[in-house]
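Engineer: Below is a structure I'd like to ask you about.
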Amino acid sequence: MTVVFLPDRRTIAVEPGTPLLRAAQSQGIEITATCGGRGRCTSCRVKFVEGLVPPPAINDALQLGDDLVREGYRLACQTTVAEAATVQVAPPLDETAFQILGVERDAVARAHVVMDAGVRKRCVRVDLPREEHHQTSDVEQVGRATGVRPEDIPLDLLRTLPGILREAKGEVTVATFHDALLAVERGDTTAMAFGIAIDVGTTSVVTTLLELASGEVMASVQSLNPQATFGGDLMSRIAFAQWNSQNLRRLQSRVLGLLNQQIDEVLERAGVLPHWVYKVTVVGNTCMHHVLLGIDPTYVGLAPYTAVLRHALVLPARALHLKVNPEARLCLLPLVAGFVGADAVAATLATRLYEGDRVRAVVDIGTNGEVVMGTGARLMACSAPAGPALEGGQVRHGMRGAVGAIDRAWLEDGDLRLHVIGEGAPQGICGSGLIDAVAVALDAGLVDWTGLILVDARERLPRALAQRIEMRGEERVLILVPRGEAGGEIVLSQDDVRQIQLAKGAIASGIRMLQHVLRIPDAELAELMLAGGFGNYLSIRSALRIGLIPPLPGERIRYVGNAAALGAQLALVSEPERERAERLARSIEHVSLATHPDFQDLFVEAMNFPGA
Ligand code: FES
């Protein structure tokens, strides 16, 4: 039978029994599937506008609520159709103003690294042959003037070389990266040398243009990773890539398309021409790294979680069709092992975790959390698959930190108070709001240490708070925004609290595991740095209250911004830093949580909330 998808009015044939989401995606209709089609979010919702509305699945009612189900909304991943229908794909939330953390503009300059990007530009005079009997070639003449071996000159450069040499009457600027010739340009362009640092995160992508000689940040842009349409976390994306052979290409072209958009944008903002960009550094976790290169990540997702490659790569930018100088060197930083990728290496580089003898840790809180801990003598890392719950995914009224998101919560005058980004009507709740809300619920006795919403304790609570918890059928809910008050109702369901417990348990047990392996009690953990696109928006007090991080005194916890993006920038402007990243990747010891015999116990303990 056929199904028409609005607003594009695309009609596709759907086999009976095939979930709508799968049928749509296999035929190129884009429906966001943050939870990877597991019925745990609402991103794939469609509304039946014509035809028989199929009976709701359990997850339809659970995630969408009875009102939306009555109005004909269904989760595309849970729905099969029995006859022709027309459905409206739910418009995405307005995410134009969401929060993704970048790097402070002068962070590179403040890092005091050796400024040597490996890119050299110099003016040379190439003598052009004047007489026929002069047995030579353009390439040999360039070789004589620059010392570059003729066989090291790339084919694309050979194609443009004769014209440039003659138009410029032999007065040219050559750009090299170590021994490789990258460009021959007319006249003196020595002042124009730029590079781009890219942090490809599971959820967001940050691209920054820098001047190579000074390390000055010229422009930076941040966007959501468009692969999220095919799954919010790494495992969902790996599963999507396994569906059919086209899907890996789709994931790759999604992210490459975004990178080229971001590159266009930073170049335009700074007034820099694409061919003046000679070096690009990229960091990302193992899965993002592989997909960017078009390498099948299947075995990264299966025990024993083996990467296809871990070493640093240097490729010409044309290999990935990046819209910079085609000969620019694209430097992918090395990976550690398992899911711990170049982003963890870059964060280690940026936070100087490898210096000193006090044990410090950097915790990248994101969909794929990463923890690196240790001293100059020994560093250990693990990946903590938190999933998207801490970023508002897989939570009934969760959303990203965009306009309309509740981003903070606190107790005041015996009731719960909320702050909404943009100060307007609340549309949902983002990660920092969720963590605050749970912390407040714990403080107020609305939720106990096991995560149970304490509906039975209502009589003991002040009236305002008591009204916020109730049973809905079998389900316990905590009402954050009552129905009718400036828009729809926003609740935290029992299941939402469990999702947050799972996510915070993953991060907390990752930290605990490294402490356990290194035998470091809290008292000896000198510093805990919170990094990642999410880190700075998080209240440290709430993170401590829910047990996301160990109970250290406040002065030992600090935000460090997007450390992975900063590490990519350091490796961009400094070859010694890029080399250091290679040494670090080889020396960091990977701790696999899944196979460690003590992990289950640590995880179960980390799922609970600390006592008051
Ligand atoms: S509920 Fe369908 S993709 Fe999440």
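Letters A, B, ... go to the chains of the structure tokens in the order shown; residues in each chain start at 1; ligands are counted from 1 in the same order.
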List every residue of segment 324-528 of chain A that DSSP, applied to the backbone of this structure, assigns to helix (DSSP H, G or I), and report them as a count of residues only.

Structural biologist: 66

Engineer: Which residues of segment 236-293 of chain A sit at most 12 Å from segment 359-370 of chain A, using only C-alpha atoms? Give each one's shortest atom pair and distance in Å (one decimal place), in chain and ascending residue order, as a Markdown table.

Structural biologist:
```
| residue | atom | partner | partner_atom | distance |
| --- | --- | --- | --- | --- |
| A:Ser236 | CA | A:Thr367 | CA | 11.6 |
| A:Gly284 | CA | A:Asn368 | CA | 10.6 |
| A:Asn285 | CA | A:Asn368 | CA | 8.2 |
| A:Thr286 | CA | A:Asn368 | CA | 10.5 |
| A:Cys287 | CA | A:Asn368 | CA | 10.2 |
| A:Met288 | CA | A:Asn368 | CA | 10.7 |
```

Engineer: How would the residues just picked look written out with all heavy atoms as a PDB file, in the first residue's frame?

Structural biologist:
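Output contents, as saved in part-v1.pdb:
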```pdb
ATOM      1  N   SER A 236      23.133   3.345  17.978  1.00  0.00           N
ATOM      2  CA  SER A 236      22.036   3.473  17.002  1.00  0.00           C
ATOM      3  C   SER A 236      22.605   3.776  15.625  1.00  0.00           C
ATOM      4  O   SER A 236      22.110   3.300  14.608  1.00  0.00           O
ATOM      5  CB  SER A 236      21.076   4.605  17.352  1.00  0.00           C
ATOM      6  OG  SER A 236      20.845   4.658  18.701  1.00  0.00           O
ATOM      7  N   GLY A 284      37.594  13.268  16.889  1.00  0.00           N
ATOM      8  CA  GLY A 284      36.268  12.695  17.090  1.00  0.00           C
ATOM      9  C   GLY A 284      36.439  11.335  17.740  1.00  0.00           C
ATOM     10  O   GLY A 284      37.556  10.801  17.770  1.00  0.00           O
ATOM     11  N   ASN A 285      35.354  10.790  18.270  1.00  0.00           N
ATOM     12  CA  ASN A 285      35.493   9.448  18.844  1.00  0.00           C
ATOM     13  C   ASN A 285      35.660   8.438  17.706  1.00  0.00           C
ATOM     14  O   ASN A 285      35.514   8.766  16.534  1.00  0.00           O
ATOM     15  CB  ASN A 285      34.315   9.125  19.769  1.00  0.00           C
ATOM     16  CG  ASN A 285      32.997   9.124  19.022  1.00  0.00           C
ATOM     17  OD1 ASN A 285      32.851   8.452  18.008  1.00  0.00           O
ATOM     18  ND2 ASN A 285      32.039   9.889  19.516  1.00  0.00           N
ATOM     19  N   THR A 286      35.945   7.193  18.072  1.00  0.00           N
ATOM     20  CA  THR A 286      36.300   6.189  17.066  1.00  0.00           C
ATOM     21  C   THR A 286      35.208   6.040  16.006  1.00  0.00           C
ATOM     22  O   THR A 286      35.495   5.967  14.808  1.00  0.00           O
ATOM     23  CB  THR A 286      36.554   4.837  17.762  1.00  0.00           C
ATOM     24  OG1 THR A 286      37.521   5.063  18.798  1.00  0.00           O
ATOM     25  CG2 THR A 286      37.060   3.793  16.801  1.00  0.00           C
ATOM     26  N   CYS A 287      33.967   6.030  16.440  1.00  0.00           N
ATOM     27  CA  CYS A 287      32.874   5.824  15.491  1.00  0.00           C
ATOM     28  C   CYS A 287      32.763   7.015  14.529  1.00  0.00           C
ATOM     29  O   CYS A 287      32.664   6.849  13.313  1.00  0.00           O
ATOM     30  CB  CYS A 287      31.577   5.619  16.262  1.00  0.00           C
ATOM     31  SG  CYS A 287      30.169   5.337  15.221  1.00  0.00           S
ATOM     32  N   MET A 288      32.810   8.238  15.073  1.00  0.00           N
ATOM     33  CA  MET A 288      32.714   9.428  14.225  1.00  0.00           C
ATOM     34  C   MET A 288      33.887   9.481  13.240  1.00  0.00           C
ATOM     35  O   MET A 288      33.730   9.841  12.072  1.00  0.00           O
ATOM     36  CB  MET A 288      32.735  10.700  15.094  1.00  0.00           C
ATOM     37  CG  MET A 288      31.537  10.900  15.980  1.00  0.00           C
ATOM     38  SD  MET A 288      30.025  11.082  15.032  1.00  0.00           S
ATOM     39  CE  MET A 288      29.297   9.490  15.240  1.00  0.00           C
TER      40      MET A 288
END
```

Engineer: I'd like to know which of A:Ala107, A:Ala543, A:Ala526, A:Val200 is closest to Ala342 of chain A, using only C-alpha atoms.

Structural biologist: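 Nearest candidate to Ala342 of chain A out of A:Ala107, A:Ala543, A:Ala526, A:Val200: A:Val200.
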
Engineer: Dump the neighbourhood of ligand 1 as a ChimeraX atom specification: all residues within 6 Å, distances computed on only C-alpha atoms and all ligand atoms.

Structural biologist: /A:33-44,75-77

Engineer: Store the residues picked out above in a file with N, CA, C and O atoms, as a CSV table (one decimal), in the first residue's frame.

Structural biologist:
```
chain,number,residue,atom,x,y,z
A,33,ALA,N,15.3,10.2,14.1
A,33,ALA,CA,15.1,9.0,15.0
A,33,ALA,C,16.2,9.1,16.0
A,33,ALA,O,17.2,8.3,16.0
A,34,THR,N,16.0,10.0,17.0
A,34,THR,CA,17.1,10.2,18.0
A,34,THR,C,17.4,8.9,18.8
A,34,THR,O,18.6,8.7,19.1
A,35,CYS,N,16.4,8.1,19.1
A,35,CYS,CA,16.7,6.9,19.9
A,35,CYS,C,17.0,5.7,19.0
A,35,CYS,O,17.1,4.6,19.4
A,36,GLY,N,17.1,5.9,17.7
A,36,GLY,CA,17.4,4.9,16.7
A,36,GLY,C,16.3,3.9,16.5
A,36,GLY,O,16.5,2.8,16.1
A,37,GLY,N,15.1,4.4,16.7
A,37,GLY,CA,13.9,3.6,16.4
A,37,GLY,C,13.5,2.7,17.5
A,37,GLY,O,12.9,1.6,17.2
A,38,ARG,N,13.8,3.0,18.7
A,38,ARG,CA,13.5,2.1,19.8
A,38,ARG,C,12.3,2.5,20.6
A,38,ARG,O,12.0,2.0,21.7
A,39,GLY,N,11.6,3.5,20.1
A,39,GLY,CA,10.4,3.9,20.8
A,39,GLY,C,10.6,4.6,22.1
A,39,GLY,O,9.8,4.6,23.0
A,40,ARG,N,11.8,5.2,22.3
A,40,ARG,CA,12.2,5.8,23.5
A,40,ARG,C,12.2,7.4,23.5
A,40,ARG,O,12.6,8.0,24.5
A,41,CYS,N,11.9,7.9,22.3
A,41,CYS,CA,11.9,9.4,22.3
A,41,CYS,C,10.6,9.8,21.5
A,41,CYS,O,9.7,9.0,21.4
A,42,THR,N,10.5,11.0,21.1
A,42,THR,CA,9.3,11.4,20.3
A,42,THR,C,9.7,12.0,19.0
A,42,THR,O,8.9,12.5,18.2
A,43,SER,N,11.0,11.9,18.6
A,43,SER,CA,11.5,12.6,17.5
A,43,SER,C,10.9,12.1,16.2
A,43,SER,O,10.9,12.8,15.2
A,44,CYS,N,10.5,10.8,16.1
A,44,CYS,CA,10.0,10.3,14.8
A,44,CYS,C,8.5,10.4,14.7
A,44,CYS,O,7.9,9.8,13.8
A,75,LEU,N,4.3,7.2,16.8
A,75,LEU,CA,5.8,7.1,16.6
A,75,LEU,C,6.0,6.3,15.3
A,75,LEU,O,5.6,5.1,15.2
A,76,ALA,N,6.7,6.9,14.3
A,76,ALA,CA,6.9,6.2,13.0
A,76,ALA,C,7.7,4.9,13.2
A,76,ALA,O,7.5,3.9,12.5
A,77,CYS,N,8.5,4.8,14.2
A,77,CYS,CA,9.3,3.6,14.4
A,77,CYS,C,8.5,2.5,15.0
A,77,CYS,O,8.9,1.3,14.9
```

Engineer: Hey, what does DSSP flag as strand (DSSP E) within segment 311-549 of chain A? Can you give it to me as a count of residues only?

Structural biologist: 64
